[in-house]
>>> print(open('data.cif').read())   # mmCIF, C-alpha atoms and all ligand atoms
data_my_file
#
loop_
_atom_site.label_atom_id
_atom_site.label_comp_id
_atom_site.auth_asym_id
_atom_site.auth_seq_id
_atom_site.Cartn_x
_atom_site.Cartn_y
_atom_site.Cartn_z
CA MET A 1186 61.87 -18.66 -5.96
CA ASP A 1187 60.34 -21.82 -7.29
CA ILE A 1188 57.53 -23.28 -5.20
CA ARG A 1189 58.85 -26.82 -5.76
CA ALA A 1190 62.14 -25.77 -4.22
CA ILE A 1191 60.28 -24.41 -1.24
CA VAL A 1192 58.30 -27.59 -0.81
CA ARG A 1193 61.53 -29.58 -1.05
CA ARG A 1194 63.16 -27.33 1.47
CA VAL A 1195 60.28 -27.52 3.90
CA THR A 1196 59.78 -31.26 3.64
CA SER A 1197 63.46 -32.21 3.69
CA GLU A 1198 64.52 -30.16 6.66
CA THR A 1199 64.77 -32.08 9.87
CA SER A 1200 64.26 -28.89 11.77
CA PRO A 1201 62.00 -26.64 9.70
CA VAL A 1202 63.44 -23.54 11.29
CA ARG A 1203 66.51 -22.05 9.70
CA LEU A 1204 67.68 -19.86 12.52
CA VAL A 1205 68.68 -16.30 11.98
CA GLU A 1206 70.48 -14.96 14.99
CA GLU A 1207 68.20 -12.39 16.57
CA ASP A 1208 70.61 -9.50 16.38
CA SER A 1209 72.48 -10.47 13.29
CA LEU A 1210 70.64 -7.99 11.09
CA ARG A 1211 71.13 -4.31 11.72
CA VAL A 1212 68.15 -2.19 10.75
CA THR A 1213 68.04 1.61 10.98
CA VAL A 1214 64.85 3.59 10.40
CA VAL A 1215 65.39 7.20 9.33
CA GLY A 1216 62.70 9.91 9.31
CA VAL A 1217 63.45 12.93 7.10
CA GLY A 1218 61.49 16.22 7.32
CA GLY A 1219 58.28 16.86 9.26
CA ALA A 1220 56.16 13.98 7.98
CA GLY A 1221 59.12 11.57 8.01
CA CYS A 1222 59.82 12.43 11.64
CA ASN A 1223 56.15 12.03 12.58
CA MET A 1224 56.12 8.58 11.02
CA LEU A 1225 59.37 7.80 12.82
CA SER A 1226 57.91 8.79 16.21
CA ARG A 1227 55.15 6.27 15.58
CA VAL A 1228 57.72 3.58 14.78
CA GLU A 1229 59.59 4.38 17.97
CA VAL A 1230 56.44 4.11 20.09
CA LEU A 1231 55.00 1.06 18.32
CA THR A 1232 58.20 -0.95 18.58
CA GLY A 1233 58.91 0.21 22.13
CA GLY A 1234 62.28 1.65 21.17
CA ALA A 1235 63.48 -1.73 19.90
CA LEU A 1236 64.70 -0.40 16.56
CA ASP A 1237 67.55 1.94 15.79
CA THR A 1238 65.84 5.21 14.84
CA LEU A 1239 67.35 8.39 13.40
CA ALA A 1240 65.50 11.69 12.89
CA ILE A 1241 66.77 14.29 10.41
CA ASN A 1242 65.18 17.74 10.04
CA VAL A 1243 65.98 21.41 9.56
CA ASP A 1244 63.18 22.26 11.98
CA GLU A 1245 64.75 22.22 15.43
CA GLN A 1246 61.52 22.47 17.40
CA HIS A 1247 59.97 19.63 15.49
CA LEU A 1248 63.12 17.58 15.95
CA ARG A 1249 62.88 18.09 19.71
CA ARG A 1250 59.34 16.71 19.70
CA THR A 1251 60.31 13.68 17.59
CA ALA A 1252 60.75 10.36 19.41
CA ALA A 1253 63.98 8.83 18.10
CA ARG A 1254 67.13 7.25 19.44
CA ARG A 1255 69.37 9.64 17.49
CA LYS A 1256 68.75 13.02 15.86
CA ILE A 1257 70.62 15.14 13.34
CA LEU A 1258 69.70 18.81 12.96
CA ILE A 1259 70.54 19.86 9.42
CA SER A 1260 70.84 23.52 8.56
CA ALA A 1261 68.99 25.24 5.75
CA GLY A 1262 71.67 27.92 5.91
CA ARG A 1263 69.02 30.60 6.29
CA ARG A 1264 66.34 31.53 8.79
CA GLY A 1265 62.90 29.98 8.66
CA GLY A 1266 63.66 26.55 7.26
CA THR A 1267 63.50 25.61 3.60
CA GLY A 1268 60.42 27.63 2.69
CA GLY A 1269 59.26 24.56 0.80
CA ARG A 1270 62.34 24.59 -1.46
CA VAL A 1271 63.67 21.19 -2.41
CA ASP A 1272 67.12 22.53 -3.40
CA VAL A 1273 67.49 24.05 0.07
CA GLY A 1274 66.53 20.73 1.71
CA GLU A 1275 69.03 18.91 -0.48
CA ALA A 1276 71.84 21.35 0.29
CA ALA A 1277 71.09 21.04 4.02
CA ALA A 1278 71.57 17.26 3.83
CA TYR A 1279 74.84 17.63 1.92
CA ARG A 1280 76.13 20.05 4.55
CA ALA A 1281 75.64 17.30 7.17
CA ILE A 1282 76.67 14.40 4.95
CA SER A 1283 79.52 13.16 7.14
CA ALA A 1284 77.28 12.97 10.24
CA ILE A 1285 74.61 11.20 8.16
CA ARG A 1286 77.09 8.69 6.74
CA GLU A 1287 78.58 8.01 10.13
CA SER A 1288 75.18 7.27 11.66
CA LEU A 1289 74.30 4.76 8.91
CA GLU A 1290 77.66 3.04 8.75
CA ASP A 1291 76.77 -0.37 10.17
CA ALA A 1292 73.23 -0.80 8.87
CA ASP A 1293 72.30 -3.79 6.70
CA VAL A 1294 68.84 -2.43 5.94
CA VAL A 1295 67.86 1.25 6.07
CA PHE A 1296 64.29 2.49 5.89
CA VAL A 1297 63.95 6.12 4.78
CA LEU A 1298 60.60 7.72 5.65
CA CYS A 1299 59.36 10.96 4.14
CA GLY A 1300 56.23 12.81 3.09
CA LEU A 1301 56.96 14.04 -0.44
CA GLY A 1302 55.90 17.59 -1.29
CA GLY A 1303 57.81 19.76 1.22
CA GLY A 1304 61.36 21.11 0.99
CA THR A 1305 63.22 19.13 3.63
CA GLY A 1306 62.01 15.56 3.15
CA THR A 1307 61.79 15.76 -0.64
CA GLY A 1308 65.24 17.36 -0.96
CA ALA A 1309 67.14 15.49 1.74
CA SER A 1310 65.77 11.94 1.52
CA PRO A 1311 67.49 11.04 -1.79
CA VAL A 1312 70.79 12.24 -0.27
CA VAL A 1313 70.23 10.01 2.78
CA ALA A 1314 69.18 7.03 0.63
CA SER A 1315 72.23 7.38 -1.67
CA ALA A 1316 74.60 7.63 1.27
CA ALA A 1317 73.20 4.45 2.80
CA ARG A 1318 73.26 2.58 -0.48
CA GLU A 1319 76.82 3.62 -1.25
CA MET A 1320 77.81 2.09 2.06
CA GLY A 1321 76.25 -1.22 1.06
CA SER A 1322 72.85 -1.11 2.79
CA ILE A 1323 69.59 -2.28 1.29
CA VAL A 1324 67.50 0.88 1.22
CA PHE A 1325 63.71 0.81 1.43
CA SER A 1326 62.25 4.27 1.07
CA ILE A 1327 58.64 4.60 2.18
CA VAL A 1328 57.03 7.84 1.05
CA THR A 1329 53.60 9.42 0.91
CA MET A 1330 52.20 11.40 -2.02
CA PRO A 1331 50.38 14.62 -1.04
CA PHE A 1332 46.60 14.92 -1.22
CA SER A 1333 45.47 16.35 -4.55
CA HIS A 1334 44.15 19.47 -2.82
CA GLU A 1335 47.70 20.27 -1.72
CA GLY A 1336 48.20 21.61 -5.27
CA ARG A 1337 51.81 22.57 -6.04
CA ARG A 1338 53.11 20.05 -3.53
CA VAL A 1339 51.81 17.27 -5.78
CA ASP A 1340 53.93 18.62 -8.67
CA ILE A 1341 56.97 18.84 -6.40
CA ALA A 1342 56.41 15.24 -5.32
CA LEU A 1343 56.01 13.98 -8.90
CA GLN A 1344 59.10 15.85 -10.10
CA ASN A 1345 61.28 14.49 -7.32
CA LEU A 1346 60.04 10.93 -6.86
CA PRO A 1347 62.35 9.61 -9.64
CA ARG A 1348 65.44 10.82 -7.75
CA LEU A 1349 64.42 8.91 -4.67
CA VAL A 1350 63.54 5.79 -6.66
CA ASP A 1351 66.98 5.95 -8.30
CA ALA A 1352 68.72 6.36 -4.98
CA SER A 1353 66.86 3.52 -3.19
CA SER A 1354 66.79 -0.25 -3.62
CA ALA A 1355 62.99 -0.06 -3.57
CA THR A 1356 60.58 2.81 -2.95
CA VAL A 1357 57.17 2.07 -1.49
CA VAL A 1358 54.74 4.81 -2.45
CA ILE A 1359 51.59 5.38 -0.42
CA GLU A 1360 48.97 7.73 -1.80
CA ASN A 1361 47.39 9.68 1.03
CA GLU A 1362 44.25 9.95 -1.03
CA ARG A 1363 43.80 6.21 -1.48
CA LEU A 1364 44.23 5.56 2.17
CA MET A 1365 41.70 8.18 3.09
CA GLY A 1366 39.18 6.51 0.81
CA HIS A 1367 38.88 4.00 3.65
CA VAL A 1368 38.30 6.61 6.37
CA PRO A 1369 36.88 9.64 4.52
CA HIS A 1370 35.49 11.66 7.40
CA LEU A 1371 38.59 12.06 9.51
CA PRO A 1372 39.95 15.55 10.15
CA PHE A 1373 43.24 16.32 8.38
CA THR A 1374 45.59 15.86 11.33
CA ARG A 1375 43.94 12.62 12.41
CA ALA A 1376 44.20 11.39 8.83
CA PHE A 1377 47.97 11.92 8.89
CA ASP A 1378 48.15 10.10 12.16
CA VAL A 1379 46.39 7.11 10.61
CA ILE A 1380 48.97 7.11 7.80
CA ASN A 1381 51.83 7.42 10.27
CA TYR A 1382 50.48 4.48 12.24
CA LEU A 1383 50.08 2.41 9.11
CA VAL A 1384 53.64 3.10 8.01
CA ALA A 1385 54.90 2.17 11.47
CA GLU A 1386 52.98 -1.12 11.31
CA MET A 1387 54.35 -1.78 7.85
CA ILE A 1388 57.93 -1.31 9.00
CA SER A 1389 57.51 -3.37 12.10
CA GLY A 1390 55.94 -6.17 10.01
CA LEU A 1391 58.74 -6.02 7.47
CA VAL A 1392 61.49 -5.96 10.05
CA ASP A 1393 59.81 -8.85 11.81
CA THR A 1394 59.68 -10.75 8.55
CA ILE A 1395 63.37 -10.40 7.86
CA THR A 1396 64.74 -10.71 11.37
CA ARG A 1397 62.69 -13.32 13.21
CA PRO A 1398 63.12 -17.01 12.56
CA SER A 1399 60.34 -18.46 10.43
CA MET A 1400 59.27 -21.76 9.02
CA ILE A 1401 60.42 -20.45 5.64
CA ASN A 1402 62.77 -17.53 6.12
CA ILE A 1403 63.26 -14.47 4.05
CA ASP A 1404 66.76 -13.31 4.70
CA LEU A 1405 69.07 -10.61 3.44
CA SER A 1406 70.19 -12.54 0.39
CA ASP A 1407 66.56 -13.22 -0.63
CA LEU A 1408 65.85 -9.52 -0.30
CA ARG A 1409 68.92 -8.61 -2.33
CA GLU A 1410 67.91 -11.05 -5.07
CA LEU A 1411 64.40 -9.66 -5.21
CA LEU A 1412 65.55 -6.07 -5.36
CA LEU A 1413 68.23 -6.79 -7.92
CA SER A 1414 65.74 -8.34 -10.29
CA ALA A 1415 62.79 -6.13 -9.40
CA GLY A 1416 63.74 -3.00 -7.50
CA GLY A 1417 62.33 0.45 -8.20
CA LEU A 1418 58.78 1.43 -7.42
CA ALA A 1419 56.92 -0.82 -5.00
CA SER A 1420 53.68 -1.20 -3.16
CA ILE A 1421 52.67 -3.09 -0.06
CA LEU A 1422 49.52 -5.15 0.31
CA PHE A 1423 48.04 -6.64 3.44
CA ALA A 1424 45.24 -9.09 4.11
CA GLU A 1425 44.03 -11.42 6.80
CA GLU A 1426 41.51 -14.13 6.01
CA ASP A 1427 40.29 -17.62 6.68
CA SER A 1428 42.89 -20.07 5.36
CA ALA A 1429 40.13 -22.14 3.75
CA ASP A 1430 39.91 -19.71 0.84
CA PRO A 1431 43.37 -18.72 -0.44
CA ARG A 1432 42.06 -16.79 -3.46
CA LYS A 1433 39.96 -14.61 -1.18
CA ILE A 1434 43.10 -13.60 0.72
CA VAL A 1435 44.81 -12.52 -2.47
CA MET A 1436 41.71 -10.71 -3.74
CA GLU A 1437 41.30 -8.85 -0.48
CA ALA A 1438 44.94 -7.75 -0.65
CA LEU A 1439 44.70 -6.63 -4.27
CA ASN A 1440 41.48 -4.75 -3.66
CA ASN A 1441 43.07 -2.58 -1.00
CA PRO A 1442 46.15 -1.14 -2.64
CA LEU A 1443 47.64 2.06 -1.26
CA ILE A 1444 48.74 3.10 -4.70
CA SER A 1445 46.73 3.35 -7.90
CA VAL A 1446 48.86 1.53 -10.41
CA ASP A 1447 48.54 -1.46 -12.66
CA PHE A 1448 50.10 -4.38 -10.78
CA SER A 1449 50.22 -6.53 -13.87
CA ARG A 1450 53.50 -4.78 -14.71
CA ALA A 1451 55.15 -5.62 -11.38
CA ARG A 1452 58.27 -7.75 -11.82
CA GLY A 1453 58.64 -9.15 -8.34
CA ALA A 1454 56.90 -10.01 -5.11
CA LEU A 1455 57.91 -10.76 -1.58
CA ILE A 1456 55.13 -12.68 0.12
CA HIS A 1457 55.15 -13.33 3.82
CA LEU A 1458 52.50 -15.43 5.53
CA SER A 1459 51.77 -15.76 9.22
CA THR A 1460 49.54 -18.70 9.90
CA GLY A 1461 48.70 -21.64 12.14
CA SER A 1462 50.53 -24.97 12.15
CA ASP A 1463 47.53 -26.59 10.45
CA ILE A 1464 48.06 -24.85 7.11
CA PRO A 1465 48.23 -27.28 4.19
CA ILE A 1466 51.05 -26.67 1.75
CA SER A 1467 48.41 -26.57 -1.01
CA THR A 1468 47.04 -23.34 0.51
CA VAL A 1469 50.47 -21.75 0.42
CA TYR A 1470 50.83 -22.92 -3.16
CA SER A 1471 47.45 -21.43 -4.14
CA ILE A 1472 48.31 -18.07 -2.61
CA VAL A 1473 51.63 -17.88 -4.45
CA ARG A 1474 49.95 -18.94 -7.70
CA ALA A 1475 47.17 -16.36 -7.34
CA ILE A 1476 49.74 -13.59 -6.80
CA ARG A 1477 51.88 -14.85 -9.65
CA GLU A 1478 48.89 -14.64 -12.00
CA GLN A 1479 48.64 -10.92 -11.29
CA LEU A 1480 52.25 -10.13 -12.18
CA MET A 1481 54.48 -10.09 -15.22
CA GLU A 1482 55.40 -13.46 -16.60
CA ASN A 1483 58.65 -14.70 -15.01
CA ALA A 1484 58.22 -12.36 -12.06
CA TYR A 1485 60.65 -13.03 -9.23
CA ILE A 1486 58.79 -14.32 -6.18
CA THR A 1487 60.19 -14.77 -2.68
CA LEU A 1488 58.14 -16.53 -0.06
CA GLY A 1489 58.42 -16.55 3.70
CA ALA A 1490 56.10 -18.12 6.24
CA ARG A 1491 55.85 -18.22 9.98
CA ILE A 1492 53.78 -20.42 12.26
CA VAL A 1493 52.07 -18.28 14.87
CA PRO A 1494 50.42 -20.09 17.79
CA GLY A 1495 46.71 -19.31 17.90
CA MET A 1496 46.45 -18.54 14.18
CA GLU A 1497 45.00 -21.93 13.26
CA GLY A 1498 42.56 -21.57 10.38
CA ARG A 1499 43.74 -18.03 9.55
CA VAL A 1500 46.37 -16.55 7.24
CA ARG A 1501 47.82 -13.07 7.45
CA MET A 1502 49.66 -11.94 4.34
CA LEU A 1503 52.08 -9.10 3.79
CA CYS A 1504 53.14 -8.71 0.18
CA ILE A 1505 55.56 -6.25 -1.40
CA LEU A 1506 55.04 -5.92 -5.12
CA SER A 1507 58.11 -4.39 -6.70
CA GLY A 1508 59.55 -3.50 -10.06
CA ILE A 1509 56.48 -1.46 -11.01
CA PRO A 1510 57.42 0.80 -13.93
CA LEU A 1511 57.84 4.34 -12.59
CA ASP A 1512 56.81 6.00 -15.85
CA LEU A 1513 53.39 4.28 -15.66
CA PHE A 1514 52.80 5.71 -12.22
CA LEU A 1515 53.99 9.20 -13.16
CA ALA A 1516 51.96 9.29 -16.36
CA ALA A 1517 48.76 8.26 -14.58
CA HIS A 1518 49.32 10.96 -11.98
CA ARG A 1519 50.16 13.74 -14.42
CA GLU A 1520 47.08 12.90 -16.41
CA ARG A 1521 44.91 13.06 -13.31
CA ARG A 1522 46.51 16.35 -12.31
CA GLU A 1523 45.87 17.96 -15.71
CA ARG A 1524 42.34 16.67 -16.08
CA PRO A 1525 39.70 19.28 -15.24
CA ALA A 1526 37.33 18.34 -12.43
CA GLU A 1527 34.79 15.87 -13.67
CA VAL A 1528 31.22 17.06 -13.65
CA ASP A 1529 28.19 14.94 -14.39
CA LEU A 1530 26.07 16.80 -16.93
CA GLU A 1531 22.66 15.81 -18.10
CA PHE A 1532 21.30 17.35 -21.27
CA VAL A 1533 17.56 17.75 -21.39
CA GLU A 1534 15.98 18.27 -24.82
N1 LIG A 1601 52.16 10.77 6.61
C1 LIG A 1601 52.21 12.05 6.95
N2 LIG A 1601 52.24 12.97 6.01
C2 LIG A 1601 52.33 14.25 6.38
C3 LIG A 1601 52.36 14.66 7.73
N3 LIG A 1601 52.46 16.01 7.76
C4 LIG A 1601 52.50 16.41 6.48
N4 LIG A 1601 52.43 15.36 5.63
C5 LIG A 1601 52.54 15.30 4.15
O1 LIG A 1601 53.92 15.47 3.85
C6 LIG A 1601 54.12 16.51 2.92
C7 LIG A 1601 55.41 17.21 3.27
O2 LIG A 1601 55.25 17.95 4.49
P1 LIG A 1601 56.40 18.06 5.58
O3 LIG A 1601 56.96 16.72 5.90
O4 LIG A 1601 55.85 18.84 6.72
O5 LIG A 1601 57.52 18.90 4.82
P2 LIG A 1601 59.07 18.89 5.13
O6 LIG A 1601 59.70 17.72 4.48
O7 LIG A 1601 59.30 19.06 6.58
O8 LIG A 1601 59.57 20.14 4.30
P3 LIG A 1601 59.55 21.71 4.68
O9 LIG A 1601 58.88 21.88 6.01
O10 LIG A 1601 58.84 22.34 3.53
O11 LIG A 1601 60.98 22.08 4.72
C8 LIG A 1601 52.85 17.34 3.03
O12 LIG A 1601 52.58 17.95 1.81
C9 LIG A 1601 51.79 16.34 3.40
O13 LIG A 1601 51.25 15.70 2.24
C10 LIG A 1601 52.31 13.63 8.73
O14 LIG A 1601 52.33 13.84 9.94
N5 LIG A 1601 52.25 12.36 8.25
MG MG A 1602 59.24 20.83 7.81
#
>>> encode(input="data.cif", output="structure tokens")
Amino acid sequence: MDIRAIVRRVTSETSPVRLVEEDSLRVTVVGVGGAGCNMLSRVEVLTGGALDTLAINVDEQHLRRTAARRKILISAGRRGGTGGRVDVGEAAAYRAISAIRESLEDADVVFVLCGLGGGTGTGASPVVASAAREMGSIVFSIVTMPFSHEGRRVDIALQNLPRLVDASSATVVIENERLMGHVPHLPFTRAFDVINYLVAEMISGLVDTITRPSMINIDLSDLRELLLSAGGLASILFAEEDSADPRKIVMEALNNPLISVDFSRARGALIHLSTGSDIPISTVYSIVRAIREQLMENAYITLGARIVPGMEGRVRMLCILSGIPLDLFLAAHRERRERPAEVDLEFVE
């Protein structure tokens, strides 16, 4: 979207709010496998049950513990779950495909959550994403990559990520390892909980962005446009800063990516700002320009903004960078995986 068009739109509107009816957009959040269901429980709690949530797992006990509005138990067709086998997870989803399709029938936007690396989530999530997409939904998959010390699970994740990217409109990848760089001393289970919380926040922010009326709205057709011209692999950036220094906001966001990939190859961005009513349009312009500078030339940029009472002097930004080449990401990961552990050696004569 061209910034001049936005300025025209904002300045020419008698009422700056283009209303989206509160319930006009149907969003379903689906958790697949153990990690996916844990993330989903967080979404359910964080949003106070306001979103339509669906849990899918072969693990019945885990499914019982999951907080979700609806649940589908899929069968691995053998005792003891998938045993970490992706083909078994995939077959389990196909066995339940009519129940899965039925439960996603009316959704405009479907979020598919999964921790890549196990059998259920890795195998079943592309089946869920394809089903939703075939029925016309926009599908955002949000997945985590295993920690490097999880060994074989990393290979499983790398091998299967392309299937999920193909099946989804956009796939946001979060590297557990990058996130933990920010909180290195947490025990394993607490670390997962931090990730689950972050994913829940991300979804609630995104849903908020596309469903609640804003000063400049992002709606379904904006999303479709963005994903048509720049779908594929995506990353999400957040920042909150003083509105006096727009470049600082963008730098803060870019310095905290949850994925290690070169953003200069991203082909699109969805930027959403929450800010006070005192924000000058020049600040908005500077933020968009600073993001644009980081991306491919002619990148597709969609902007949304909301005035939040009490946020005078501050800007909170949520930015989805999409259209990142998958092969770049995979190559960087494979290389890291094959590289022997680095050791600092000093030779003394
Ligand atoms: N974000 C997050 N990641 C998790 C959590 N638990 C495990 N993981 C990650 O997700 C990967 C997959 O684990 P699970 O989700 O338990 O596996 P699954 O999809 O249920 O598959 P199987 O149990 O093998 O059938 C692991 O390798 C971890 O990297 C969690 O609670 N949250
Ligand atoms: Mg499991």
>>> residues_around(input="data.cif", residues="range 1220-1231 of chain A", least_positions_apart="2", cutoff="9 Å", atoms="all atoms listed in the file", output="PyMOL selection string")
chain A and resi 1214-1218+1233-1242+1247-1248+1250-1254+1297-1301+1306+1328-1329+1377-1378+1380-1386+1388-1389
>>> write_last_selection(input="data.cif", atoms="C-alpha atoms", output="PDB file, in the frame of the given file")
ATOM      1  CA  VAL A1214      64.850   3.590  10.400  1.00  0.00           C
ATOM      2  CA  VAL A1215      65.390   7.200   9.330  1.00  0.00           C
ATOM      3  CA  GLY A1216      62.700   9.910   9.310  1.00  0.00           C
ATOM      4  CA  VAL A1217      63.450  12.930   7.100  1.00  0.00           C
ATOM      5  CA  GLY A1218      61.490  16.220   7.320  1.00  0.00           C
ATOM      6  CA  GLY A1233      58.910   0.210  22.130  1.00  0.00           C
ATOM      7  CA  GLY A1234      62.280   1.650  21.170  1.00  0.00           C
ATOM      8  CA  ALA A1235      63.480  -1.730  19.900  1.00  0.00           C
ATOM      9  CA  LEU A1236      64.700  -0.400  16.560  1.00  0.00           C
ATOM     10  CA  ASP A1237      67.550   1.940  15.790  1.00  0.00           C
ATOM     11  CA  THR A1238      65.840   5.210  14.840  1.00  0.00           C
ATOM     12  CA  LEU A1239      67.350   8.390  13.400  1.00  0.00           C
ATOM     13  CA  ALA A1240      65.500  11.690  12.890  1.00  0.00           C
ATOM     14  CA  ILE A1241      66.770  14.290  10.410  1.00  0.00           C
ATOM     15  CA  ASN A1242      65.180  17.740  10.040  1.00  0.00           C
ATOM     16  CA  HIS A1247      59.970  19.630  15.490  1.00  0.00           C
ATOM     17  CA  LEU A1248      63.120  17.580  15.950  1.00  0.00           C
ATOM     18  CA  ARG A1250      59.340  16.710  19.700  1.00  0.00           C
ATOM     19  CA  THR A1251      60.310  13.680  17.590  1.00  0.00           C
ATOM     20  CA  ALA A1252      60.750  10.360  19.410  1.00  0.00           C
ATOM     21  CA  ALA A1253      63.980   8.830  18.100  1.00  0.00           C
ATOM     22  CA  ARG A1254      67.130   7.250  19.440  1.00  0.00           C
ATOM     23  CA  VAL A1297      63.950   6.120   4.780  1.00  0.00           C
ATOM     24  CA  LEU A1298      60.600   7.720   5.650  1.00  0.00           C
ATOM     25  CA  CYS A1299      59.360  10.960   4.140  1.00  0.00           C
ATOM     26  CA  GLY A1300      56.230  12.810   3.090  1.00  0.00           C
ATOM     27  CA  LEU A1301      56.960  14.040  -0.440  1.00  0.00           C
ATOM     28  CA  GLY A1306      62.010  15.560   3.150  1.00  0.00           C
ATOM     29  CA  VAL A1328      57.030   7.840   1.050  1.00  0.00           C
ATOM     30  CA  THR A1329      53.600   9.420   0.910  1.00  0.00           C
ATOM     31  CA  PHE A1377      47.970  11.920   8.890  1.00  0.00           C
ATOM     32  CA  ASP A1378      48.150  10.100  12.160  1.00  0.00           C
ATOM     33  CA  ILE A1380      48.970   7.110   7.800  1.00  0.00           C
ATOM     34  CA  ASN A1381      51.830   7.420  10.270  1.00  0.00           C
ATOM     35  CA  TYR A1382      50.480   4.480  12.240  1.00  0.00           C
ATOM     36  CA  LEU A1383      50.080   2.410   9.110  1.00  0.00           C
ATOM     37  CA  VAL A1384      53.640   3.100   8.010  1.00  0.00           C
ATOM     38  CA  ALA A1385      54.900   2.170  11.470  1.00  0.00           C
ATOM     39  CA  GLU A1386      52.980  -1.120  11.310  1.00  0.00           C
ATOM     40  CA  ILE A1388      57.930  -1.310   9.000  1.00  0.00           C
ATOM     41  CA  SER A1389      57.510  -3.370  12.100  1.00  0.00           C
TER      42      SER A1389
END
>>> atom_distance(input="data.cif", atom1="CA of Gly1498 in chain A", atom2="CA of Ala1429 in chain A")
7.1 Å
>>> closest_residue(input="data.cif", among="A:Arg1211, A:Arg1249, A:Arg1338, A:Lys1433", to="ligand LIG 1601 (chain A)", atoms="only C-alpha atoms and all ligand atoms")
A:Arg1338
>>> closest_residue(input="data.cif", among="A:Glu1410, A:Asp1463, A:Asp1351, A:Glu1362", to="ligand LIG 1601 (chain A)", atoms="all atoms listed in the file")
A:Glu1362
>>> closest_atom_pairs(input="data.cif", of="range 1331-1425 of chain A", to="range 1486-1497 of chain A", cutoff="8 Å", atoms="only C-alpha atoms", output="tab-separated table")
residue	atom	partner	partner_atom	distance
A:Thr1394	CA	A:Gly1489	CA	7.7
A:Pro1398	CA	A:Arg1491	CA	7.8
A:Ser1399	CA	A:Arg1491	CA	4.5
A:Met1400	CA	A:Arg1491	CA	5.0
A:Ile1401	CA	A:Gly1489	CA	4.8
A:Asn1402	CA	A:Gly1489	CA	5.1
A:Ile1403	CA	A:Gly1489	CA	5.3
A:Asp1407	CA	A:Thr1487	CA	6.9
A:Leu1411	CA	A:Thr1487	CA	7.1
>>> write_last_selection(input="data.cif", atoms="C-alpha atoms", output="mmCIF file, in the frame of the given file")
data_model
loop_
_atom_site.group_PDB
_atom_site.id
_atom_site.type_symbol
_atom_site.label_atom_id
_atom_site.label_comp_id
_atom_site.auth_asym_id
_atom_site.auth_seq_id
_atom_site.Cartn_x
_atom_site.Cartn_y
_atom_site.Cartn_z
ATOM 1 C CA THR A 1394 59.680 -10.750 8.550
ATOM 2 C CA PRO A 1398 63.120 -17.010 12.560
ATOM 3 C CA SER A 1399 60.340 -18.460 10.430
ATOM 4 C CA MET A 1400 59.270 -21.760 9.020
ATOM 5 C CA ILE A 1401 60.420 -20.450 5.640
ATOM 6 C CA ASN A 1402 62.770 -17.530 6.120
ATOM 7 C CA ILE A 1403 63.260 -14.470 4.050
ATOM 8 C CA ASP A 1407 66.560 -13.220 -0.630
ATOM 9 C CA LEU A 1411 64.400 -9.660 -5.210
#
>>> atom_distance(input="data.cif", atom1="CA of Gly1304 in chain A", atom2="CA of Gln1246 in chain A")
16.5 Å
>>> closest_residue(input="data.cif", among="A:Ile1444, A:Ala1317, A:Ile1395, A:Leu1422", to="Ile1359 in chain A", atoms="all atoms listed in the file")
A:Ile1444
>>> closest_residue(input="data.cif", among="A:Val1271, A:Val1212, A:Met1320, A:Ile1434", to="ligand MG 1602 (chain A)", atoms="all atoms listed in the file")
A:Val1271
>>> axis_aligned_box(input="data.cif", around="range 1285-1299 of chain A", padding_each_side="5 Å", output="JSON")
{"center_x": 69.0, "center_y": 3.7, "center_z": 7.9, "size_x": 29.2, "size_y": 25.0, "size_z": 17.5}
>>> atom_distance(input="data.cif", atom1="CA of Val1392 in chain A", atom2="CA of Val1469 in chain A")
21.5 Å
>>> residues_near_point(input="data.cif", point="(54.8, 9.2, -8.1)", cutoff="7 Å", atoms="all atoms listed in the file", output="PyMOL selection string")
chain A and resi 1330+1342-1343+1346+1514-1515+1518
>>> write_last_selection(input="data.cif", atoms="C-alpha atoms", output="mmCIF file, in the coordinates of the input")
data_model
loop_
_atom_site.group_PDB
_atom_site.id
_atom_site.type_symbol
_atom_site.label_atom_id
_atom_site.label_comp_id
_atom_site.auth_asym_id
_atom_site.auth_seq_id
_atom_site.Cartn_x
_atom_site.Cartn_y
_atom_site.Cartn_z
ATOM 1 C CA MET A 1330 52.200 11.400 -2.020
ATOM 2 C CA ALA A 1342 56.410 15.240 -5.320
ATOM 3 C CA LEU A 1343 56.010 13.980 -8.900
ATOM 4 C CA LEU A 1346 60.040 10.930 -6.860
ATOM 5 C CA PHE A 1514 52.800 5.710 -12.220
ATOM 6 C CA LEU A 1515 53.990 9.200 -13.160
ATOM 7 C CA HIS A 1518 49.320 10.960 -11.980
#
>>> residues_around(input="data.cif", residues="range 1503-1513 of chain A", least_positions_apart="4", cutoff="8 Å", atoms="all atoms listed in the file", output="list in words")
Pro1347, Ala1355, Gly1390, Leu1412, Ser1414, Ala1415, Gly1416, Gly1417, Leu1418, Ala1419, Ser1420, Ile1421, Leu1422, Phe1423, Ala1424, Val1446, Phe1448, Arg1450, Ala1451, Arg1452, Gly1453, Ala1454, Leu1455, Ile1456, His1457, Leu1458 and Ala1517 of chain A
>>> closest_residue(input="data.cif", among="A:Glu1287, A:Arg1409, A:Thr1307, A:Lys1256", to="ligand MG 1602 (chain A)", atoms="all atoms listed in the file")
A:Thr1307
>>> residues_around(input="data.cif", residues="range 1281-1284 of chain A", least_positions_apart="4", cutoff="8 Å", atoms="all atoms listed in the file", output="PDB file with C-alpha atoms, in the frame of the given file")
ATOM      1  CA  ILE A1257      70.620  15.140  13.340  1.00  0.00           C
ATOM      2  CA  ILE A1259      70.540  19.860   9.420  1.00  0.00           C
ATOM      3  CA  SER A1260      70.840  23.520   8.560  1.00  0.00           C
ATOM      4  CA  ALA A1277      71.090  21.040   4.020  1.00  0.00           C
ATOM      5  CA  SER A1288      75.180   7.270  11.660  1.00  0.00           C
ATOM      6  CA  ALA A1316      74.600   7.630   1.270  1.00  0.00           C
TER       7      ALA A1316
END
